[in-house]
Amino acid sequence: MIVMLIIGLIIELVDIPFYLKFLHSGIVQPSIPFICMLWWFIDLGLYNGFTIIMSWSSFHRYLFIFHEKIFLQGKKRFVFHYLPLIILLLYILIFYIYVIIFPPCKNTFDYTLPVCNNYPCYLDDIVLGIWDSVMNSIVPTFVVCISSVTIVIRVHYQKRRLVNQRNQWRRQRKMMIQLISGSILYLIPNIPLNVSIFAHLCGVLESVAVEVERYFDFLCYFVVILYPLVCLGFVSEVRKKMQLRRLFLLQRAQRNATVIPQKTHEQIVR
């Protein structure tokens, strides 16, 4: 969760301001290749990295709910908890630094389109382009969907068996709801987008559903913006400290009325 929040924060601090600046001026500023490559790295690389980490998080949450014993031992905890995350982060950084910063082809930058046309040259490469579309976007989205459905089904069938174990059932239910909430937020714009990408890989013309794809691509920004709120809703300690009820209802502190005794006529004369 922390890694995904950090990735989302970087996207919010770089990608979104670049986009707002483009909408204001109508051109990428400053109009230099470095800005385009940085924008591509954030918009493509880090967002796909966000997707990859979320897919691992869905599978990791499945292991944590139904096979929590593997996280109790030091070696197994490192192998199943820390090592996969480290490998995935290294893979994301190395892959997108190579294909965007040091590409095996010559990039073309269009400063009159958002994200400099958002089409690095490696996407035309048969191997790199298909690998990025399938393994870094379509497959992780499929994993998020399958893992979420599997957890819901298995928790439903285990509910009867855990009736007498209320604490364990409550903890599993809380983790399940948290996972499903984040998954639904992610899947709403990304399933149609990845279906469109898969259709284009299968031979459908690029001009088909291009407008719809742009809308869903823009909606992906809301995944990054709203994900912290999903996380906040399930962190009870933080929620209590922030006192969200007072924040949203704008409750005012009650003031105790004080009674000031008035002087009588005789006291004034004296």
# chains A, B, ... in the order shown; residues from 1 in each chain; ligands from 1
>>> residues_around(residues="Leu93 of chain A", least_positions_apart="4", cutoff="8 Å", atoms="only C-alpha atoms", output="ChimeraX atom specification")
/A:45,89,97
>>> closest_residue(among="A:Phe216, A:Ile32, A:Val99, A:Phe50", to="Gly129 of chain A", atoms="only C-alpha atoms")
A:Val99
>>> closest_residue(among="A:Ser31, A:Ser58, A:Asn107, A:Thr51", to="Ile177 of chain A", atoms="only C-alpha atoms")
A:Ser58
>>> closest_residue(among="A:Ile53, A:Leu205, A:Ile153, A:Ile101", to="Ile86 of chain A", atoms="only C-alpha atoms")
A:Ile53
>>> closest_residue(among="A:Ala199, A:Cys116, A:Leu128, A:Ile65", to="Met175 of chain A", atoms="only C-alpha atoms")
A:Ile65
>>> residues_around(residues="Ser55 of chain A", least_positions_apart="5", cutoff="9 Å", atoms="only C-alpha atoms", output="number ranges by chain")
A: 50, 60, 139-145, 147
>>> closest_atom_pairs(of="segment 125-225 of chain A", to="segment 5-12 of chain A", cutoff="10 Å", atoms="only C-alpha atoms", output="JSON lines")
{"residue": "A:Tyr221", "atom": "CA", "partner": "A:Glu12", "partner_atom": "CA", "distance": 8.5}
{"residue": "A:Val223", "atom": "CA", "partner": "A:Gly8", "partner_atom": "CA", "distance": 8.8}
{"residue": "A:Val224", "atom": "CA", "partner": "A:Gly8", "partner_atom": "CA", "distance": 5.3}
{"residue": "A:Ile225", "atom": "CA", "partner": "A:Glu12", "partner_atom": "CA", "distance": 7.4}
>>> select_by_dssp(residues="segment 17-177 of chain A", states="helix (DSSP H, G or I)", output="PyMOL selection string")
chain A and resi 17-25+33-66+68-71+74-101+114-118+121-124+126-158+166-177
>>> closest_residue(among="A:Ile191, A:Leu63, A:Leu232, A:Ile197", to="Met176 of chain A", atoms="only C-alpha atoms")
A:Leu63
>>> residues_around(residues="Tyr111 of chain A", least_positions_apart="5", cutoff="10 Å", atoms="only C-alpha atoms", output="list in words")
Phe22, Gly26, Ile27, Val28, Gln29, Pro30, Ser31, Ile32, Pro33, Ile35, Cys36, Cys116 and Asn117 of chain A
>>> write_last_selection(atoms="C-alpha atoms", output="mmCIF file, in the first residue's frame")
data_model
loop_
_atom_site.group_PDB
_atom_site.id
_atom_site.type_symbol
_atom_site.label_atom_id
_atom_site.label_comp_id
_atom_site.auth_asym_id
_atom_site.auth_seq_id
_atom_site.Cartn_x
_atom_site.Cartn_y
_atom_site.Cartn_z
ATOM 1 C CA PHE A 22 -0.722 21.735 -21.633
ATOM 2 C CA GLY A 26 -2.084 24.222 -25.859
ATOM 3 C CA ILE A 27 1.521 23.085 -26.195
ATOM 4 C CA VAL A 28 4.016 21.074 -24.161
ATOM 5 C CA GLN A 29 6.217 23.500 -22.241
ATOM 6 C CA PRO A 30 9.140 23.579 -22.242
ATOM 7 C CA SER A 31 9.180 21.966 -25.687
ATOM 8 C CA ILE A 32 12.271 19.806 -25.276
ATOM 9 C CA PRO A 33 12.786 16.019 -25.621
ATOM 10 C CA ILE A 35 10.224 16.817 -20.833
ATOM 11 C CA CYS A 36 8.552 14.354 -23.219
ATOM 12 C CA CYS A 116 3.818 14.409 -26.569
ATOM 13 C CA ASN A 117 1.431 12.045 -28.420
#
>>> closest_residue(among="A:Trp40, A:Phe59, A:Tyr227, A:Tyr186", to="Cys121 of chain A", atoms="only C-alpha atoms")
A:Trp40
